[in-house]
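Here's entry08.csv, which has CSV, C-alpha atoms:
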```csv
chain,number,residue,atom,x,y,z
K,1,MET,CA,141.1,-26.3,30.8
K,2,GLN,CA,142.3,-29.4,32.6
K,3,SER,CA,141.4,-29.8,36.3
K,4,PRO,CA,144.4,-29.7,38.6
K,5,THR,CA,145.2,-33.1,40.2
K,6,SER,CA,148.6,-32.6,41.9
K,7,ASP,CA,149.8,-30.8,45.0
K,8,LEU,CA,146.3,-30.0,46.0
K,9,ARG,CA,147.1,-30.1,49.7
K,10,ILE,CA,150.6,-28.6,49.4
K,11,ARG,CA,150.6,-25.0,50.8
K,12,ALA,CA,154.2,-24.1,50.3
K,13,MET,CA,157.6,-25.5,49.1
K,14,ARG,CA,161.1,-24.6,50.1
K,15,PRO,CA,164.1,-26.0,48.3
K,16,LEU,CA,166.7,-27.9,50.3
K,17,PRO,CA,170.4,-27.3,49.5
K,18,ALA,CA,172.4,-30.3,48.4
K,19,PRO,CA,174.1,-32.2,51.3
K,20,VAL,CA,177.5,-31.4,49.8
K,21,ILE,CA,176.9,-27.7,50.5
K,22,PHE,CA,176.8,-28.3,54.2
K,23,GLU,CA,179.7,-30.8,54.0
K,24,GLN,CA,181.8,-28.0,52.5
K,25,ALA,CA,180.7,-25.5,55.1
K,26,PHE,CA,181.4,-28.0,58.0
K,27,PRO,CA,183.9,-30.5,56.6
K,28,LEU,CA,185.0,-33.7,58.3
K,29,GLU,CA,188.8,-33.5,58.6
K,30,GLU,CA,191.1,-36.4,58.1
K,31,ALA,CA,192.0,-36.9,61.8
K,32,GLU,CA,188.3,-37.0,62.8
K,33,ALA,CA,187.4,-39.3,59.8
K,34,VAL,CA,190.1,-41.8,61.0
K,35,ARG,CA,188.7,-41.7,64.6
K,36,ILE,CA,185.1,-42.3,63.3
K,37,PHE,CA,186.4,-45.3,61.3
K,38,ARG,CA,188.1,-46.8,64.3
K,39,VAL,CA,185.1,-46.3,66.6
K,40,ARG,CA,182.8,-47.9,64.1
K,41,ARG,CA,185.2,-50.9,63.9
K,42,ASP,CA,185.4,-51.1,67.7
K,43,ILE,CA,181.6,-51.0,68.0
K,44,SER,CA,181.4,-53.9,65.5
K,45,SER,CA,183.9,-55.8,67.6
K,46,ILE,CA,182.0,-55.2,70.8
K,47,MET,CA,178.7,-56.3,69.3
K,48,SER,CA,180.3,-59.4,67.8
K,49,GLY,CA,181.8,-60.4,71.2
K,50,ALA,CA,185.4,-59.9,70.0
K,51,ASP,CA,186.0,-56.9,72.3
K,52,ASP,CA,185.0,-57.4,75.9
K,53,ARG,CA,184.3,-53.7,76.6
K,54,LEU,CA,180.7,-52.4,77.0
K,55,LEU,CA,179.3,-50.0,74.4
K,56,LEU,CA,177.5,-47.2,76.3
K,57,VAL,CA,175.2,-44.9,74.3
K,58,VAL,CA,174.3,-42.0,76.5
K,59,GLY,CA,172.9,-38.5,76.0
K,60,PRO,CA,169.8,-36.3,75.7
K,61,CYS,CA,166.5,-37.7,74.5
K,62,SER,CA,166.7,-35.0,71.8
K,63,ILE,CA,168.9,-32.0,71.1
K,64,HIS,CA,167.2,-28.6,71.1
K,65,ASP,CA,170.1,-26.4,72.4
K,66,PRO,CA,173.5,-26.8,70.7
K,67,ALA,CA,175.3,-24.9,73.5
K,68,ALA,CA,173.9,-27.1,76.2
K,69,ALA,CA,174.7,-30.2,74.1
K,70,MET,CA,178.4,-29.1,73.9
K,71,GLU,CA,178.5,-28.8,77.6
K,72,PHE,CA,177.1,-32.3,78.0
K,73,ALA,CA,179.7,-33.5,75.4
K,74,ALA,CA,182.5,-32.0,77.5
K,75,ASN,CA,181.2,-33.8,80.6
K,76,LEU,CA,180.9,-37.0,78.7
K,77,ARG,CA,184.5,-36.7,77.3
K,78,GLU,CA,185.8,-36.7,80.9
K,79,ALA,CA,183.8,-39.9,81.7
K,80,ALA,CA,184.8,-41.5,78.5
K,81,ASP,CA,188.5,-40.9,79.2
K,82,ARG,CA,188.2,-42.1,82.8
K,83,HIS,CA,186.6,-45.4,81.8
K,84,ALA,CA,188.1,-46.0,78.4
K,85,GLY,CA,189.5,-49.4,79.4
K,86,GLU,CA,186.0,-50.8,80.2
K,87,LEU,CA,183.5,-48.7,78.2
K,88,LEU,CA,183.2,-47.3,74.7
K,89,ILE,CA,181.1,-44.2,75.3
K,90,VAL,CA,179.1,-42.7,72.4
K,91,MET,CA,176.8,-39.6,72.7
K,92,ARG,CA,173.2,-39.6,71.8
K,93,VAL,CA,172.8,-36.7,69.3
K,94,TYR,CA,169.2,-37.1,68.2
K,95,PHE,CA,167.8,-34.4,65.9
K,96,GLU,CA,164.5,-36.1,64.8
K,97,LYS,CA,161.7,-37.2,67.0
K,98,PRO,CA,158.9,-39.5,65.9
K,99,ARG,CA,155.6,-38.3,67.3
K,100,THR,CA,152.7,-40.7,68.1
K,101,VAL,CA,150.3,-37.9,66.9
K,102,VAL,CA,151.8,-34.4,66.9
K,103,GLY,CA,154.4,-32.5,68.8
K,104,TRP,CA,157.8,-31.0,68.3
K,105,LYS,CA,159.6,-33.0,65.6
K,106,GLY,CA,163.2,-32.1,66.5
K,107,LEU,CA,166.0,-29.6,65.8
K,108,ILE,CA,166.2,-30.3,62.1
K,109,ASN,CA,162.5,-29.9,61.4
K,110,ASP,CA,161.8,-27.0,63.8
K,111,PRO,CA,165.0,-25.5,65.1
K,112,ASP,CA,163.2,-22.4,66.6
K,113,LEU,CA,160.6,-24.6,68.4
K,114,ASP,CA,157.8,-22.4,67.2
K,115,GLY,CA,156.3,-24.3,64.3
K,116,THR,CA,158.1,-22.3,61.6
K,117,PHE,CA,159.9,-25.4,60.3
K,118,HIS,CA,163.1,-23.7,59.0
K,119,ILE,CA,164.5,-27.1,58.0
K,120,ASN,CA,167.5,-25.5,56.1
K,121,LYS,CA,168.5,-23.8,59.3
K,122,GLY,CA,168.0,-27.0,61.3
K,123,LEU,CA,170.2,-29.0,58.9
K,124,ARG,CA,172.9,-26.4,59.2
K,125,LEU,CA,172.7,-26.4,63.0
K,126,ALA,CA,172.8,-30.2,63.1
K,127,ARG,CA,175.8,-30.5,60.8
K,128,LYS,CA,177.7,-27.9,62.7
K,129,LEU,CA,176.9,-29.4,66.1
K,130,MET,CA,177.9,-32.9,65.0
K,131,THR,CA,181.2,-31.5,63.6
K,132,ASP,CA,181.9,-29.7,66.9
K,133,ILE,CA,181.2,-32.8,69.0
K,134,THR,CA,183.4,-34.9,66.7
K,135,VAL,CA,186.2,-32.4,67.0
K,136,ALA,CA,185.8,-32.5,70.8
K,137,GLY,CA,186.6,-36.3,70.6
K,138,ILE,CA,183.1,-37.7,71.3
K,139,PRO,CA,181.7,-40.4,68.9
K,140,ILE,CA,178.1,-39.8,67.8
K,141,ALA,CA,174.9,-41.9,67.8
K,142,THR,CA,171.7,-40.9,66.2
K,143,GLU,CA,168.4,-42.3,65.0
K,144,PHE,CA,167.7,-42.3,61.3
K,145,LEU,CA,164.0,-41.3,61.0
K,146,ASP,CA,163.7,-39.4,57.7
K,147,THR,CA,165.3,-41.6,55.0
K,148,THR,CA,166.9,-38.7,53.0
K,149,LEU,CA,168.2,-36.4,55.7
K,150,GLY,CA,171.0,-38.8,56.7
K,151,GLN,CA,172.9,-37.7,53.6
K,152,TYR,CA,173.5,-34.4,55.4
K,153,TYR,CA,175.4,-35.9,58.4
K,154,ALA,CA,175.8,-39.7,58.2
K,155,ASP,CA,179.6,-39.4,57.7
K,156,LEU,CA,179.8,-38.0,61.2
K,157,VAL,CA,177.8,-40.9,62.9
K,158,SER,CA,179.5,-43.9,64.6
K,159,TRP,CA,176.3,-45.7,65.6
K,160,GLY,CA,172.9,-45.5,64.1
K,161,ALA,CA,169.4,-46.6,65.3
K,162,ILE,CA,166.2,-47.6,63.7
K,163,GLY,CA,163.5,-46.8,66.1
K,164,ALA,CA,160.5,-48.8,67.5
K,165,ARG,CA,158.0,-47.0,65.3
K,166,THR,CA,160.0,-47.6,62.0
K,167,VAL,CA,161.5,-51.0,62.6
K,168,GLU,CA,158.8,-52.6,60.4
K,169,SER,CA,159.4,-50.0,57.6
K,170,GLN,CA,160.9,-51.6,54.5
K,171,ILE,CA,162.5,-48.3,53.4
K,172,HIS,CA,164.3,-48.0,56.8
K,173,ARG,CA,165.5,-51.6,56.5
K,174,GLN,CA,166.8,-50.8,53.0
K,175,LEU,CA,168.4,-47.6,54.3
K,176,ALA,CA,170.2,-49.5,57.1
K,177,SER,CA,171.5,-52.0,54.6
K,178,GLY,CA,173.5,-49.1,53.0
K,179,LEU,CA,174.6,-47.2,56.1
K,180,SER,CA,178.3,-47.0,56.8
K,181,MET,CA,178.1,-47.6,60.5
K,182,PRO,CA,176.8,-50.3,62.9
K,183,VAL,CA,173.0,-50.0,63.3
K,184,GLY,CA,170.8,-51.1,66.2
K,185,PHE,CA,167.1,-52.1,65.6
K,186,LYS,CA,164.8,-51.5,68.5
K,187,ASN,CA,162.0,-53.9,69.2
K,188,ARG,CA,158.5,-52.7,68.2
K,189,THR,CA,156.5,-50.5,70.5
K,190,ASP,CA,154.5,-53.5,71.7
K,191,GLY,CA,157.7,-55.3,72.7
K,192,SER,CA,157.9,-57.7,69.7
K,193,THR,CA,161.5,-58.7,69.2
K,194,GLN,CA,160.7,-60.9,66.2
K,195,VAL,CA,160.0,-57.8,64.1
K,196,ALA,CA,163.4,-56.4,65.0
K,197,VAL,CA,165.2,-59.6,64.1
K,198,ASP,CA,163.4,-59.7,60.8
K,199,ALA,CA,164.6,-56.2,60.2
K,200,ILE,CA,168.2,-57.1,61.1
K,201,LEU,CA,168.1,-60.0,58.7
K,202,SER,CA,166.6,-57.8,55.9
K,203,ALA,CA,169.3,-55.1,56.4
K,204,ARG,CA,172.0,-57.7,56.1
K,205,HIS,CA,171.0,-58.3,52.5
K,206,PRO,CA,171.7,-56.0,49.5
K,207,HIS,CA,168.8,-53.8,48.3
K,208,TRP,CA,168.0,-51.2,45.7
K,209,PHE,CA,166.1,-48.1,46.9
K,210,PRO,CA,165.4,-44.5,45.8
K,211,SER,CA,167.1,-41.7,47.6
K,212,VAL,CA,169.2,-38.6,46.9
K,213,THR,CA,172.9,-38.3,46.3
K,214,ARG,CA,175.2,-36.1,48.4
K,215,LYS,CA,174.9,-33.6,45.4
K,216,GLY,CA,171.2,-33.6,45.9
K,217,LEU,CA,170.2,-35.6,42.8
K,218,PRO,CA,167.5,-38.2,42.9
K,219,ALA,CA,169.0,-41.7,42.4
K,220,SER,CA,168.4,-45.4,42.8
K,221,MET,CA,171.0,-46.8,45.2
K,222,GLN,CA,172.3,-50.4,45.4
K,223,THR,CA,173.5,-51.4,48.9
K,224,THR,CA,175.9,-54.2,49.9
K,225,GLY,CA,174.0,-55.1,53.0
K,226,ASN,CA,175.0,-54.2,56.5
K,227,ASN,CA,176.4,-57.1,58.7
K,228,ASP,CA,176.9,-54.7,61.6
K,229,THR,CA,173.3,-54.8,62.7
K,230,HIS,CA,172.0,-55.8,66.1
K,231,LEU,CA,169.0,-55.9,68.4
K,232,VAL,CA,168.1,-53.2,71.0
K,233,LEU,CA,165.7,-54.2,73.8
K,234,ARG,CA,163.7,-51.1,74.9
K,235,GLY,CA,160.6,-52.6,76.5
K,236,GLY,CA,157.1,-52.0,75.1
K,237,SER,CA,153.5,-51.5,75.9
K,238,HIS,CA,153.4,-54.9,77.6
K,239,GLY,CA,156.2,-54.0,80.0
K,240,PRO,CA,160.0,-54.1,80.3
K,241,ASN,CA,162.1,-56.7,78.6
K,242,TYR,CA,165.5,-56.3,80.2
K,243,SER,CA,165.2,-59.2,82.7
K,244,ASP,CA,167.6,-62.2,82.6
K,245,ARG,CA,164.7,-64.3,81.1
K,246,ASP,CA,163.9,-61.7,78.5
K,247,VAL,CA,167.6,-61.4,77.4
K,248,LEU,CA,167.9,-65.1,77.3
K,249,ALA,CA,164.8,-65.4,75.1
K,250,ALA,CA,166.1,-62.7,72.8
K,251,VAL,CA,169.5,-64.4,72.5
K,252,GLU,CA,167.9,-67.7,71.7
K,253,LEU,CA,165.9,-65.9,68.9
K,254,LEU,CA,169.1,-64.3,67.5
K,255,SER,CA,170.9,-67.7,67.6
K,256,ARG,CA,168.1,-69.5,65.8
K,257,ASN,CA,168.4,-66.9,63.0
K,258,GLY,CA,172.1,-67.3,62.7
K,259,LEU,CA,172.9,-63.9,64.4
K,260,PRO,CA,175.5,-63.1,67.0
K,261,PRO,CA,174.2,-63.6,70.6
K,262,HIS,CA,174.9,-60.1,71.7
K,263,LEU,CA,172.5,-57.2,72.1
K,264,MET,CA,171.9,-53.7,73.6
K,265,VAL,CA,169.5,-52.9,76.4
K,266,ASP,CA,167.9,-49.4,76.4
K,267,CYS,CA,167.3,-48.4,80.1
K,268,SER,CA,164.7,-45.9,79.1
K,269,HIS,CA,161.4,-46.1,77.3
K,270,GLY,CA,159.4,-49.2,78.1
K,271,ASN,CA,162.2,-50.6,80.3
K,272,SER,CA,161.9,-47.7,82.7
K,273,GLY,CA,158.2,-47.3,82.4
K,274,LYS,CA,159.0,-43.8,81.0
K,275,ASP,CA,160.3,-42.8,84.4
K,276,ALA,CA,163.7,-41.4,83.8
K,277,GLU,CA,164.8,-41.9,87.5
K,278,ARG,CA,164.2,-45.7,87.1
K,279,GLN,CA,167.0,-45.9,84.5
K,280,SER,CA,169.5,-46.1,87.4
K,281,ALA,CA,167.7,-49.1,88.8
K,282,VAL,CA,167.6,-50.8,85.4
K,283,ALA,CA,171.3,-50.1,84.8
K,284,ALA,CA,172.1,-51.4,88.3
K,285,ASP,CA,170.4,-54.7,87.5
K,286,LEU,CA,172.2,-55.0,84.2
K,287,ALA,CA,175.5,-54.2,85.9
K,288,LYS,CA,175.0,-56.9,88.5
K,289,ARG,CA,174.4,-59.5,85.7
K,290,ILE,CA,177.4,-58.2,83.7
K,291,GLY,CA,179.6,-58.4,86.7
K,292,ALA,CA,178.4,-62.0,87.3
K,293,GLY,CA,179.6,-62.9,83.8
K,294,ASP,CA,176.7,-62.1,81.4
K,295,ARG,CA,178.2,-61.6,78.0
K,296,ALA,CA,175.0,-61.3,76.0
K,297,ILE,CA,174.6,-57.7,77.2
K,298,ALA,CA,177.2,-56.0,75.0
K,299,ALA,CA,175.7,-52.5,75.1
K,300,VAL,CA,173.6,-50.2,77.2
K,301,MET,CA,171.7,-47.0,76.4
K,302,LEU,CA,170.8,-44.2,78.8
K,303,GLU,CA,168.8,-41.0,78.3
K,304,SER,CA,170.7,-38.3,80.2
K,305,ASN,CA,170.9,-34.5,80.2
K,306,LEU,CA,172.6,-31.8,82.2
K,307,LEU,CA,169.4,-31.5,84.3
K,308,GLY,CA,166.9,-34.2,85.1
K,309,GLY,CA,163.2,-34.4,84.0
K,310,SER,CA,161.6,-32.6,81.1
K,311,GLN,CA,159.9,-29.3,80.2
K,312,ASP,CA,157.3,-28.2,77.6
K,313,TYR,CA,159.1,-27.0,74.5
K,314,ARG,CA,156.8,-24.0,74.4
K,315,ALA,CA,157.9,-22.8,77.9
K,316,VAL,CA,159.4,-19.3,78.1
K,317,PRO,CA,162.1,-19.1,79.1
K,318,LEU,CA,163.4,-22.7,78.6
K,319,VAL,CA,165.5,-24.1,81.4
K,320,ARG,CA,169.0,-24.7,80.0
K,321,GLY,CA,170.1,-28.4,79.9
K,322,ARG,CA,166.6,-29.9,80.5
K,323,SER,CA,164.9,-32.1,77.9
K,324,VAL,CA,161.9,-30.8,75.9
K,325,THR,CA,160.9,-34.4,74.9
K,326,ASP,CA,161.2,-37.4,77.1
K,327,PRO,CA,162.4,-36.9,80.7
K,328,CYS,CA,166.1,-37.6,81.2
K,329,LEU,CA,168.4,-38.6,84.1
K,330,SER,CA,170.5,-35.7,85.3
K,331,TRP,CA,174.2,-35.7,84.6
K,332,GLU,CA,174.8,-35.8,88.4
K,333,LYS,CA,172.9,-39.1,88.7
K,334,THR,CA,174.4,-40.4,85.4
K,335,VAL,CA,178.0,-40.3,86.6
K,336,PRO,CA,177.6,-43.1,89.2
K,337,VAL,CA,175.7,-45.2,86.7
K,338,ILE,CA,178.6,-45.0,84.3
K,339,ALA,CA,181.0,-45.9,87.0
K,340,ARG,CA,178.9,-48.9,88.1
K,341,LEU,CA,178.8,-50.3,84.5
K,342,ALA,CA,182.6,-49.8,84.2
K,343,ASP,CA,183.1,-51.7,87.4
K,344,ALA,CA,180.9,-54.5,86.1
K,345,VAL,CA,183.0,-54.9,83.0
K,346,GLY,CA,186.1,-55.1,85.2
K,347,ALA,CA,184.4,-57.8,87.4
K,348,ARG,CA,183.3,-59.8,84.3
K,349,ARG,CA,186.9,-59.9,83.1
K,350,THR,CA,187.9,-61.8,86.3
K,351,ILE,CA,185.5,-64.6,85.4
K,352,ARG,CA,186.7,-67.3,83.0
K,353,SER,CA,184.4,-67.9,80.1
```
Will you turn the file into structure tokens for me?
Amino acid sequence: MQSPTSDLRIRAMRPLPAPVIFEQAFPLEEAEAVRIFRVRRDISSIMSGADDRLLLVVGPCSIHDPAAAMEFAANLREAADRHAGELLIVMRVYFEKPRTVVGWKGLINDPDLDGTFHINKGLRLARKLMTDITVAGIPIATEFLDTTLGQYYADLVSWGAIGARTVESQIHRQLASGLSMPVGFKNRTDGSTQVAVDAILSARHPHWFPSVTRKGLPASMQTTGNNDTHLVLRGGSHGPNYSDRDVLAAVELLSRNGLPPHLMVDCSHGNSGKDAERQSAVAADLAKRIGAGDRAIAAVMLESNLLGGSQDYRAVPLVRGRSVTDPCLSWEKTVPVIARLADAVGARRTIRS
């Protein structure tokens, strides 16, 4: 009798439905598909400097309550319409959370927040919520963490992110090279921007990599390369990197590598010292520089929710509209930040380049 050598540490297996099953249940209609195509094109134009609006990616650190997310989307739609001439607003709809050690891994992995890991349920909830937000007229941003799950919802995404913990991953660079939307690469957790620039350059080249098709079949995929890739400054363990000097250094690095001199600044994470309230001050500093004529800052990111702060995901009952991962800025305090950034774009337009 042969000794077993495989799956020795696998306790259970659950099959995943093919992505096309969820596409059929929650289809992307033609009108919404056209809107997503146009938003992706506009984001590309902003990040290349051809469109002088500011891209603003704003929303919860993570989604755990679809109903509260829809309420946030309704609020965001009002702000997006009000400032459409100056800002292209896209909602953070993040379903996967990278954990430094352990913790809640996001709506897809653990939709019931209880360690049961009903991933099929999570994928269904995620697809439905993204469809509902799209129908409501709000473009979607998300981070691609698991390299196969994107097949279940990438058609609904207008802007993608590769995070600070995965920016060095070859498979994530290859994935980004085949994604259909603009993708931002965050600097590494220690603050290194060179790693992110290397990732941008890699993603702009064609690659072959293994994945699954929308029908759920294993396949090797050849990509064309993604020229709509850019840098996201999010600070790091050595401190923030949103200052004028930091942005100038990043732009010089981009230029030396033949990349457009435009980037996004994330007001959260290392740039706020993980203090959600400080995002307002970071954004105010950026707005001042944008209003004075800075064109390198083409995009800004904020972590915002209906209510400020955060709560333990195991709390009973959970407070509706409050983050269960990183603390967020409340919607009430986000509104003036959005207005300030819109005013800054208006002021920048009065300055001749």
With all atoms listed in the file counted and 12 Å as the cut-off, give the residues of segment 44-163 of chain K in contact with segment 29-40 of chain K, each with its shortest interatomic distance in Å and the pair that gives it, as JSON lines.
```
{"residue": "K:Ser44", "atom": "CA", "partner": "K:Arg40", "partner_atom": "CA", "distance": 6.3}
{"residue": "K:Ser45", "atom": "CA", "partner": "K:Arg40", "partner_atom": "CA", "distance": 8.7}
{"residue": "K:Ile46", "atom": "CA", "partner": "K:Arg40", "partner_atom": "CA", "distance": 9.9}
{"residue": "K:Met47", "atom": "CA", "partner": "K:Arg40", "partner_atom": "CA", "distance": 10.7}
{"residue": "K:Leu55", "atom": "CA", "partner": "K:Val39", "partner_atom": "CA", "distance": 10.4}
{"residue": "K:Leu87", "atom": "CA", "partner": "K:Val39", "partner_atom": "CA", "distance": 12.0}
{"residue": "K:Leu88", "atom": "CA", "partner": "K:Val39", "partner_atom": "CA", "distance": 8.4}
{"residue": "K:Ile89", "atom": "CA", "partner": "K:Val39", "partner_atom": "CA", "distance": 9.8}
{"residue": "K:Val90", "atom": "CA", "partner": "K:Val39", "partner_atom": "CA", "distance": 9.1}
{"residue": "K:Met130", "atom": "CA", "partner": "K:Glu32", "partner_atom": "CA", "distance": 11.4}
{"residue": "K:Thr131", "atom": "CA", "partner": "K:Glu32", "partner_atom": "CA", "distance": 9.0}
{"residue": "K:Asp132", "atom": "CA", "partner": "K:Glu32", "partner_atom": "CA", "distance": 10.5}
{"residue": "K:Ile133", "atom": "CA", "partner": "K:Glu32", "partner_atom": "CA", "distance": 10.3}
{"residue": "K:Thr134", "atom": "CA", "partner": "K:Glu32", "partner_atom": "CA", "distance": 6.6}
{"residue": "K:Val135", "atom": "CA", "partner": "K:Glu32", "partner_atom": "CA", "distance": 6.6}
{"residue": "K:Ala136", "atom": "CA", "partner": "K:Glu32", "partner_atom": "CA", "distance": 9.5}
{"residue": "K:Gly137", "atom": "CA", "partner": "K:Glu32", "partner_atom": "CA", "distance": 8.0}
{"residue": "K:Ile138", "atom": "CA", "partner": "K:Ile36", "partner_atom": "CA", "distance": 9.4}
{"residue": "K:Pro139", "atom": "CA", "partner": "K:Ile36", "partner_atom": "CA", "distance": 6.8}
{"residue": "K:Ile140", "atom": "CA", "partner": "K:Ile36", "partner_atom": "CA", "distance": 8.7}
{"residue": "K:Ala141", "atom": "CA", "partner": "K:Arg40", "partner_atom": "CA", "distance": 10.6}
{"residue": "K:Ala154", "atom": "CA", "partner": "K:Ile36", "partner_atom": "CA", "distance": 10.9}
{"residue": "K:Asp155", "atom": "CA", "partner": "K:Ala33", "partner_atom": "CA", "distance": 8.1}
{"residue": "K:Leu156", "atom": "CA", "partner": "K:Ile36", "partner_atom": "CA", "distance": 7.1}
{"residue": "K:Val157", "atom": "CA", "partner": "K:Ile36", "partner_atom": "CA", "distance": 7.4}
{"residue": "K:Ser158", "atom": "CA", "partner": "K:Arg40", "partner_atom": "CA", "distance": 5.2}
{"residue": "K:Trp159", "atom": "CA", "partner": "K:Arg40", "partner_atom": "CA", "distance": 7.0}
{"residue": "K:Gly160", "atom": "CA", "partner": "K:Arg40", "partner_atom": "CA", "distance": 10.2}
```
- Item | Atomic separation - atom CA of Ala276 of chain K relative to atom CA of Asp190 of chain K, Å |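 Here the two named atoms are 19.4 Å from each other.
Minimum atom-to-atom distances from K:Met13, K:Val197, K:Val282, K:Val212 to Leu175 of chain K were compared using all atoms listed in the file, and the lowest value belongs to K:Val212.
Atom CA of Ser177 of chain K lies 12.4 Å from atom CA of Phe144 of chain K.
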- Query: Which residue gives the smallest distance to Gly258 of chain K among K:Asp52, K:Cys61, K:Gln2, K:Asp198, with all atoms listed in the file counted?
  - Reply: K:Asp198
- Message: List as an MDAnalysis selection string the protein and nucleic acid residues near Ser169 of chain K, meaning an atom at most 12 Å away when all atoms listed in the file are counted, but skip any in the same chain fewer than 2 places from it.
- Response: chainID K and resid 144:147 162:167 171:176 185 188 195:196 198:200 202:203
- Task: Select, counting all atoms listed in the file, all protein, DNA and RNA residues no farther than 12 Å from (159.5, -19.1, 56.2) in file coordinates, and express the selection as an MDAnalysis selection string.
- Result: chainID K and resid 11:15 110 112 114:121
- Message: For a cutoff of 10 Å around the file-coordinate point (181.2, -49.8, 86.0), which residues qualify once you count only C-alpha atoms? I'd like the result as an MDAnalysis selection string.
- Response: chainID K and resid 54 83 86:87 283:284 287:288 290:291 336:347
- If you measure from atom CA of Gly236 of chain K to atom CA of Ser268 of chain K, what distance in Å do you get, rounded to one decimal?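 Computing it gives 10.5 Å between the two atoms.
By chain and then residue number, the residues within 8 Å of Val265 of chain K are K:Val232, K:Leu233, K:Arg234, K:Tyr242, K:Ile297, K:Ala299, K:Val300, K:Met301, counting all atoms listed in the file and disregarding those fewer than 4 positions away in sequence.
Distances to Asp312 of chain K were evaluated for K:Arg53, K:His64, K:Arg289, K:Arg204 using all atoms listed in the file, and the minimum falls at K:His64.
Nearest residue to Met91 of chain K among K:Ala69, K:Val58, K:Ala74, K:Met1 is K:Val58, counting only C-alpha atoms.
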- Query: Looking at K:Gly178, K:Pro27, K:Pro111, K:Pro98, which one is nearest to Asp326 of chain K, with distances taken over only C-alpha atoms?
  - Reply: K:Pro98
- Note on the structure: Among K:Asp42, K:Glu277, K:Glu332, K:Asp246, Leu263 of chain K is approached most closely, using all atoms listed in the file, by K:Asp246
